[in-house]
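Structure data follow from input-v6.cif (mmCIF, C-alpha atoms):
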data_my_file
#
loop_
_atom_site.label_atom_id
_atom_site.label_comp_id
_atom_site.auth_asym_id
_atom_site.auth_seq_id
_atom_site.Cartn_x
_atom_site.Cartn_y
_atom_site.Cartn_z
CA MET Z 96 0.00 0.00 0.00
CA ASP Z 97 1.16 3.48 -0.75
CA GLU Z 98 0.84 6.49 1.53
CA ASP Z 99 -2.77 7.16 0.40
CA GLY Z 100 -3.86 3.66 1.32
CA LEU Z 101 -4.24 2.48 -2.26
CA PRO Z 102 -2.82 -0.86 -3.30
CA ILE Z 103 0.21 -0.73 -5.55
CA VAL Z 104 -0.21 -2.77 -8.68
CA GLY Z 105 2.79 -4.77 -9.63
CA SER Z 106 4.32 -8.20 -9.63
CA GLY Z 107 5.38 -8.06 -6.02
CA ILE Z 108 1.86 -7.68 -4.57
CA ASP Z 109 0.31 -10.42 -2.52
CA LEU Z 110 -3.24 -10.63 -3.88
CA THR Z 111 -4.45 -12.45 -0.77
CA LYS Z 112 -3.99 -9.24 1.21
CA VAL Z 113 -5.81 -7.02 -1.31
CA PRO Z 114 -9.48 -6.48 -0.36
CA ALA Z 115 -12.16 -7.80 -2.81
CA ILE Z 116 -14.32 -5.50 -4.91
CA GLN Z 117 -17.73 -5.01 -3.37
CA GLN Z 118 -20.36 -7.37 -4.72
CA LYS Z 119 -22.81 -4.50 -5.33
CA ARG Z 120 -20.32 -2.79 -7.66
CA THR Z 121 -19.63 -6.05 -9.50
CA VAL Z 122 -23.36 -6.66 -9.99
CA ALA Z 123 -23.84 -3.04 -11.15
CA PHE Z 124 -21.03 -3.41 -13.73
CA LEU Z 125 -22.46 -6.69 -15.00
CA ASN Z 126 -25.97 -5.22 -15.21
CA GLN Z 127 -24.70 -2.21 -17.13
CA PHE Z 128 -22.80 -4.48 -19.55
CA VAL Z 129 -25.87 -6.68 -20.09
CA VAL Z 130 -28.17 -3.68 -20.64
CA HIS Z 131 -25.85 -2.02 -23.17
CA THR Z 132 -25.25 -5.29 -24.98
CA VAL Z 133 -28.98 -6.02 -25.24
CA GLN Z 134 -29.67 -2.48 -26.50
CA PHE Z 135 -26.96 -2.82 -29.14
CA LEU Z 136 -28.27 -6.20 -30.30
CA ASN Z 137 -31.84 -4.84 -30.48
CA ARG Z 138 -30.74 -1.86 -32.60
CA PHE Z 139 -28.60 -4.09 -34.79
CA SER Z 140 -31.44 -6.55 -35.41
CA THR Z 141 -33.87 -3.70 -36.17
CA VAL Z 142 -31.50 -2.15 -38.73
CA CYS Z 143 -30.86 -5.55 -40.32
CA GLU Z 144 -34.58 -6.27 -40.52
CA GLU Z 145 -35.27 -2.88 -42.16
CA LYS Z 146 -32.51 -3.41 -44.73
CA LEU Z 147 -33.71 -6.92 -45.53
CA SER Z 148 -37.25 -5.63 -45.88
CA ALA Z 149 -36.14 -2.88 -48.29
CA LEU Z 150 -34.09 -5.38 -50.27
CA SER Z 151 -37.04 -7.77 -50.44
CA LEU Z 152 -39.27 -4.95 -51.71
CA ARG Z 153 -36.71 -4.05 -54.38
CA ILE Z 154 -36.45 -7.67 -55.49
CA GLN Z 155 -40.26 -7.92 -55.72
CA GLN Z 156 -40.41 -4.77 -57.84
CA ILE Z 157 -37.75 -6.08 -60.20
CA GLU Z 158 -39.49 -9.47 -60.42
CA THR Z 159 -42.78 -7.74 -61.21
CA THR Z 160 -41.14 -5.67 -63.92
CA LEU Z 161 -39.48 -8.74 -65.41
CA ASN Z 162 -42.77 -10.69 -65.29
CA ILE Z 163 -44.53 -7.87 -67.14
CA LEU Z 164 -41.80 -7.77 -69.77
CA ASP Z 165 -41.79 -11.55 -70.05
CA ALA Z 166 -45.56 -11.56 -70.54
CA LYS Z 167 -45.26 -8.96 -73.30
CA ASN Z 168 -42.50 -10.97 -75.01
CA ASN Z 169 -44.54 -14.18 -74.71
CA ILE Z 170 -47.55 -12.51 -76.34
CA HIS Z 171 -45.27 -11.28 -79.11
CA GLU Z 172 -43.77 -14.77 -79.58
CA GLU Z 173 -47.20 -16.43 -79.67
CA GLY Z 174 -48.24 -13.94 -82.34
CA LEU Z 175 -45.09 -14.75 -84.30
CA GLN Z 176 -45.75 -18.49 -84.13
CA LYS Z 177 -49.35 -18.11 -85.33
CA THR Z 178 -48.43 -15.90 -88.24
CA GLU Z 179 -45.49 -18.13 -89.25
CA VAL Z 180 -47.85 -21.06 -89.66
CA VAL Z 181 -50.27 -19.05 -91.80
CA THR Z 182 -47.73 -17.16 -93.89
CA GLU Z 183 -44.71 -19.36 -94.49
CA ASN Z 184 -44.02 -18.20 -98.05
CA VAL Z 185 -44.90 -14.53 -97.58
CA ARG Z 186 -42.01 -12.12 -96.98
CA THR Z 187 -42.73 -10.20 -93.79
CA VAL Z 188 -41.61 -6.76 -92.69
CA ALA Z 189 -39.24 -8.30 -90.14
CA LYS Z 190 -37.47 -10.30 -92.87
CA ASP Z 191 -37.23 -7.43 -95.33
CA PRO Z 192 -33.76 -5.83 -95.17
CA GLN Z 193 -35.13 -2.31 -95.63
CA TYR Z 194 -37.47 -2.61 -92.65
CA ALA Z 195 -35.27 -4.92 -90.54
CA ARG Z 196 -32.75 -2.26 -89.62
CA TYR Z 197 -35.49 0.09 -88.43
CA LEU Z 198 -37.11 -2.70 -86.41
CA LYS Z 199 -33.74 -3.42 -84.82
CA MET Z 200 -33.43 0.26 -83.83
CA VAL Z 201 -36.85 0.15 -82.21
CA GLN Z 202 -35.97 -3.06 -80.33
CA VAL Z 203 -32.71 -1.58 -79.05
CA ASN Z 204 -34.66 1.48 -77.96
CA LEU Z 205 -37.18 -0.75 -76.13
CA HIS Z 206 -34.42 -2.70 -74.35
CA ALA Z 207 -32.74 0.56 -73.33
CA GLN Z 208 -36.01 1.84 -71.88
CA VAL Z 209 -36.48 -1.39 -69.90
CA LEU Z 210 -32.99 -1.08 -68.44
CA ILE Z 211 -33.64 2.56 -67.62
CA VAL Z 212 -36.83 1.62 -65.75
CA ILE Z 213 -35.03 -1.04 -63.74
CA LEU Z 214 -32.12 1.27 -62.93
CA ALA Z 215 -34.48 4.14 -62.17
CA VAL Z 216 -36.23 2.01 -59.55
CA LYS Z 217 -32.87 1.23 -57.98
CA LEU Z 218 -31.58 4.80 -58.17
CA HIS Z 219 -34.87 6.24 -56.93
CA LYS Z 220 -34.38 4.32 -53.70
CA GLU Z 221 -30.94 5.86 -53.37
CA ASN Z 222 -32.26 9.39 -54.13
CA THR Z 223 -29.78 10.10 -56.90
CA VAL Z 224 -31.72 12.50 -59.08
CA ARG Z 225 -28.65 13.52 -61.09
CA GLN Z 226 -28.07 9.92 -62.17
CA LEU Z 227 -31.73 9.59 -63.17
CA ALA Z 228 -31.36 12.65 -65.38
CA GLN Z 229 -28.25 11.14 -66.98
CA LEU Z 230 -30.12 7.89 -67.64
CA SER Z 231 -32.81 9.72 -69.58
CA LEU Z 232 -30.12 10.86 -72.04
CA CYS Z 233 -29.15 7.23 -72.82
CA GLN Z 234 -32.43 6.10 -74.37
CA GLY Z 235 -31.16 5.45 -77.87
CA VAL Z 236 -32.73 6.71 -81.09
CA PRO Z 237 -36.13 8.36 -80.58
CA VAL Z 238 -39.00 6.55 -82.30
CA MET Z 239 -40.12 9.72 -84.08
CA ALA Z 240 -36.66 10.06 -85.65
CA ILE Z 241 -36.88 6.48 -86.88
CA ARG Z 242 -40.35 7.10 -88.32
CA ASN Z 243 -39.21 10.31 -90.06
CA LYS Z 244 -36.21 8.54 -91.60
CA MET Z 245 -38.51 5.78 -92.89
CA ILE Z 246 -40.83 8.36 -94.45
CA SER Z 247 -37.87 10.07 -96.12
CA GLU Z 248 -36.88 6.72 -97.67
CA GLY Z 249 -40.42 6.05 -98.86
CA LEU Z 250 -41.22 3.33 -96.31
CA ASN Z 251 -44.37 3.01 -94.24
CA PRO Z 252 -43.50 3.73 -90.56
CA ASP Z 253 -46.78 2.20 -89.37
CA LEU Z 254 -45.34 -1.22 -90.20
CA LEU Z 255 -42.96 -0.91 -87.22
CA GLU Z 256 -45.85 -1.97 -84.98
CA THR Z 257 -46.66 -5.01 -87.14
CA PRO Z 258 -43.39 -6.76 -87.98
CA ASP Z 259 -45.28 -9.90 -89.08
CA ALA Z 260 -47.25 -8.07 -91.75
CA PRO Z 261 -46.38 -8.86 -95.36
CA VAL Z 262 -44.06 -6.43 -97.09
CA PRO Z 263 -46.21 -4.14 -99.25
CA ALA Z 264 -45.56 -4.06 -102.97
CA TRP Z 265 -44.36 -0.73 -104.40
CA GLY Z 266 -47.23 1.74 -104.13
CA ASP Z 267 -49.37 -0.48 -101.83
CA ASP Z 268 -48.31 1.23 -98.61
CA GLY Z 269 -50.07 4.48 -99.52
CA LYS Z 270 -46.91 6.54 -99.07
CA ALA Z 271 -45.61 6.46 -102.63
CA GLU Z 272 -47.36 8.71 -105.13
CA ASP Z 273 -48.92 7.35 -108.27
CA SER Z 274 -46.53 7.75 -111.19
CA SER Z 275 -49.22 9.29 -113.44
CA ASP Z 276 -49.82 12.06 -110.88
CA SER Z 277 -46.16 12.97 -110.73
CA GLU Z 278 -45.81 12.92 -114.52
CA SER Z 279 -48.91 15.02 -115.04
CA SER Z 280 -47.53 17.77 -112.83
CA PHE Z 281 -44.63 18.23 -115.26
CA SER Z 282 -46.74 18.33 -118.41
CA ASP Z 283 -47.63 21.62 -120.09
#
Starting from the coordinates I provided, produce the structure as C-alpha cells.
Amino acid sequence: MDEDGLPIVGSGIDLTKVPAIQQKRTVAFLNQFVVHTVQFLNRFSTVCEEKLSALSLRIQQIETTLNILDAKNNIHEEGLQKTEVVTENVRTVAKDPQYARYLKMVQVNLHAQVLIVILAVKLHKENTVRQLAQLSLCQGVPVMAIRNKMISEGLNPDLLETPDAPVPAWGDDGKAEDSSDSESSFSD
C-alpha cells in the first residue's frame, strides 16, 4: 500500500492481502454491460430487418417488372408463331432488309427503356436525381426520328408496330405517289 492507502499494482503484490471488490459494484457493472449489450443487439437486429425488408421490396419490384416484360415478349412470340404457320411463303416486314434495320433500332430502344426503368427504380431508392437525369439521355434513337427517316426513304412507318405483316408491294403502302400524278404535274 502506498501512503494514500491504495494498493500498488505490480508483480510483487500479494493478492491475498488485497481487499475484494464489493459485490454491489460487480453486480452493477455486469448489469450495465448486459443492458448495453442487449440495447446494441436490439438496434442491430432492427436495422438488419429494415434493410432486408427494403431489399425484399426491391427484389419484388424487379421481379414484377421482369414478369410484365416476359408476358409482353410471350404474347409477341405467340403472335409470331401463329403468323409463321399461316404465312410461311410470304415475306414479312421483319425479314425485309429495308425494314429490318429500323425494327432493330426500335428493339434496341425498347431494351434501353427497360434497363432505364429497372435502374431508375434502384436509383430512386438511393435518391440520386442527377443519375436519373443522366439515364434519360441514354435512351437510344427516338422513335419519331426512326419514323421520319422511314418516311424520307419512302417506307411506311406504321409497319414498325406489325413486324409480321407482309411487305407491301411498291405503291401499296399508300406513301408512294402514283406515277401518273407525278408525270402530269410536269406536263404543259
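Atom pair CA of Ala240 (chain Z) / CA of Ala195 (chain Z) has a distance of 15.8 Å (rounded to one decimal).
Atom pair CA of Val185 (chain Z) / CA of Pro261 (chain Z) has a distance of 6.3 Å (rounded to one decimal).
Between CA of Asp259 (chain Z) and CA of Asn169 (chain Z) lies a distance of 15.0 Å.
Restricting the calculation to all atoms listed in the file, the smallest distance between Val201 (chain Z) and any of Z:Val188, Z:Ala166, Z:Val238, Z:Gly249 is found for Z:Val238.
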Out of Z:Ile246, Z:Leu152, Z:Ile108, Z:Glu256, which residue has the shortest atom-to-atom distance to Gln202 (chain Z) when counting only C-alpha atoms? Z:Glu256
Please evaluate the PyMOL selection byres ((chain Z and resi 241) around 10) against the displayed coordinates and give the resulting residues as an NGL selection string. :Z and (197-198 or 200-201 or 236-240 or 242-247 or 252 or 255)
How would region 137-148 of chain Z read, as an mmCIF file, keeping the file's coordinate frame, once all heavy atoms are built in?
data_model
loop_
_atom_site.group_PDB
_atom_site.id
_atom_site.type_symbol
_atom_site.label_atom_id
_atom_site.label_comp_id
_atom_site.auth_asym_id
_atom_site.auth_seq_id
_atom_site.Cartn_x
_atom_site.Cartn_y
_atom_site.Cartn_z
ATOM 1 N N ASN Z 137 -30.498 -5.219 -30.025
ATOM 2 C CA ASN Z 137 -31.840 -4.840 -30.480
ATOM 3 C C ASN Z 137 -31.767 -3.844 -31.638
ATOM 4 O O ASN Z 137 -32.478 -3.983 -32.641
ATOM 5 C CB ASN Z 137 -32.649 -4.240 -29.328
ATOM 6 C CG ASN Z 137 -33.181 -5.294 -28.386
ATOM 7 O OD1 ASN Z 137 -33.303 -6.462 -28.757
ATOM 8 N ND2 ASN Z 137 -33.492 -4.900 -27.176
ATOM 9 N N ARG Z 138 -30.904 -2.824 -31.502
ATOM 10 C CA ARG Z 138 -30.740 -1.860 -32.600
ATOM 11 C C ARG Z 138 -30.189 -2.536 -33.846
ATOM 12 O O ARG Z 138 -30.650 -2.284 -34.958
ATOM 13 C CB ARG Z 138 -29.810 -0.723 -32.178
ATOM 14 C CG ARG Z 138 -30.516 0.372 -31.388
ATOM 15 C CD ARG Z 138 -29.565 1.466 -31.072
ATOM 16 N NE ARG Z 138 -28.675 0.891 -30.039
ATOM 17 C CZ ARG Z 138 -27.712 1.507 -29.425
ATOM 18 N NH1 ARG Z 138 -27.431 2.736 -29.723
ATOM 19 N NH2 ARG Z 138 -26.979 0.928 -28.502
ATOM 20 N N PHE Z 139 -29.206 -3.382 -33.663
ATOM 21 C CA PHE Z 139 -28.600 -4.090 -34.790
ATOM 22 C C PHE Z 139 -29.635 -4.958 -35.515
ATOM 23 O O PHE Z 139 -29.725 -4.940 -36.740
ATOM 24 C CB PHE Z 139 -27.437 -4.961 -34.289
ATOM 25 C CG PHE Z 139 -26.751 -5.735 -35.360
ATOM 26 C CD1 PHE Z 139 -25.873 -5.110 -36.234
ATOM 27 C CD2 PHE Z 139 -26.977 -7.090 -35.497
ATOM 28 C CE1 PHE Z 139 -25.231 -5.822 -37.229
ATOM 29 C CE2 PHE Z 139 -26.347 -7.820 -36.488
ATOM 30 C CZ PHE Z 139 -25.471 -7.186 -37.363
ATOM 31 N N SER Z 140 -30.440 -5.701 -34.768
ATOM 32 C CA SER Z 140 -31.440 -6.550 -35.410
ATOM 33 C C SER Z 140 -32.518 -5.726 -36.109
ATOM 34 O O SER Z 140 -33.004 -6.097 -37.189
ATOM 35 C CB SER Z 140 -32.080 -7.506 -34.399
ATOM 36 O OG SER Z 140 -32.838 -6.785 -33.452
ATOM 37 N N THR Z 141 -32.873 -4.573 -35.539
ATOM 38 C CA THR Z 141 -33.870 -3.700 -36.170
ATOM 39 C C THR Z 141 -33.345 -3.146 -37.491
ATOM 40 O O THR Z 141 -34.052 -3.150 -38.506
ATOM 41 C CB THR Z 141 -34.241 -2.538 -35.225
ATOM 42 O OG1 THR Z 141 -34.733 -3.079 -34.006
ATOM 43 C CG2 THR Z 141 -35.294 -1.644 -35.848
ATOM 44 N N VAL Z 142 -32.101 -2.685 -37.504
ATOM 45 C CA VAL Z 142 -31.500 -2.150 -38.730
ATOM 46 C C VAL Z 142 -31.386 -3.245 -39.782
ATOM 47 O O VAL Z 142 -31.713 -3.039 -40.960
ATOM 48 C CB VAL Z 142 -30.119 -1.514 -38.427
ATOM 49 C CG1 VAL Z 142 -29.364 -1.215 -39.700
ATOM 50 C CG2 VAL Z 142 -30.295 -0.265 -37.600
ATOM 51 N N CYS Z 143 -30.964 -4.433 -39.368
ATOM 52 C CA CYS Z 143 -30.860 -5.550 -40.320
ATOM 53 C C CYS Z 143 -32.219 -5.911 -40.895
ATOM 54 O O CYS Z 143 -32.351 -6.159 -42.099
ATOM 55 C CB CYS Z 143 -30.228 -6.768 -39.646
ATOM 56 S SG CYS Z 143 -28.478 -6.592 -39.309
ATOM 57 N N GLU Z 144 -33.229 -5.933 -40.058
ATOM 58 C CA GLU Z 144 -34.580 -6.270 -40.520
ATOM 59 C C GLU Z 144 -35.096 -5.221 -41.510
ATOM 60 O O GLU Z 144 -35.697 -5.559 -42.530
ATOM 61 C CB GLU Z 144 -35.516 -6.378 -39.321
ATOM 62 C CG GLU Z 144 -36.890 -6.908 -39.674
ATOM 63 C CD GLU Z 144 -37.747 -7.138 -38.438
ATOM 64 O OE1 GLU Z 144 -37.217 -7.147 -37.322
ATOM 65 O OE2 GLU Z 144 -38.959 -7.287 -38.618
ATOM 66 N N GLU Z 145 -34.839 -3.937 -41.243
ATOM 67 C CA GLU Z 145 -35.270 -2.880 -42.160
ATOM 68 C C GLU Z 145 -34.558 -2.994 -43.508
ATOM 69 O O GLU Z 145 -35.182 -2.858 -44.564
ATOM 70 C CB GLU Z 145 -34.994 -1.503 -41.551
ATOM 71 C CG GLU Z 145 -35.901 -1.159 -40.392
ATOM 72 C CD GLU Z 145 -35.504 0.135 -39.686
ATOM 73 O OE1 GLU Z 145 -34.479 0.741 -40.081
ATOM 74 O OE2 GLU Z 145 -36.210 0.521 -38.757
ATOM 75 N N LYS Z 146 -33.257 -3.274 -43.470
ATOM 76 C CA LYS Z 146 -32.510 -3.410 -44.730
ATOM 77 C C LYS Z 146 -32.966 -4.623 -45.516
ATOM 78 O O LYS Z 146 -33.099 -4.559 -46.738
ATOM 79 C CB LYS Z 146 -31.015 -3.465 -44.449
ATOM 80 C CG LYS Z 146 -30.437 -2.138 -44.017
ATOM 81 C CD LYS Z 146 -28.938 -2.169 -43.896
ATOM 82 C CE LYS Z 146 -28.428 -0.782 -43.531
ATOM 83 N NZ LYS Z 146 -26.987 -0.695 -43.573
ATOM 84 N N LEU Z 147 -33.219 -5.728 -44.843
ATOM 85 C CA LEU Z 147 -33.710 -6.920 -45.530
ATOM 86 C C LEU Z 147 -35.099 -6.688 -46.113
ATOM 87 O O LEU Z 147 -35.411 -7.152 -47.209
ATOM 88 C CB LEU Z 147 -33.718 -8.117 -44.584
ATOM 89 C CG LEU Z 147 -32.357 -8.723 -44.259
ATOM 90 C CD1 LEU Z 147 -32.497 -9.804 -43.192
ATOM 91 C CD2 LEU Z 147 -31.713 -9.294 -45.503
ATOM 92 N N SER Z 148 -35.920 -5.953 -45.383
ATOM 93 C CA SER Z 148 -37.250 -5.630 -45.880
ATOM 94 C C SER Z 148 -37.178 -4.756 -47.126
ATOM 95 O O SER Z 148 -37.896 -4.983 -48.109
ATOM 96 C CB SER Z 148 -38.054 -4.929 -44.785
ATOM 97 O OG SER Z 148 -39.302 -4.514 -45.277
#
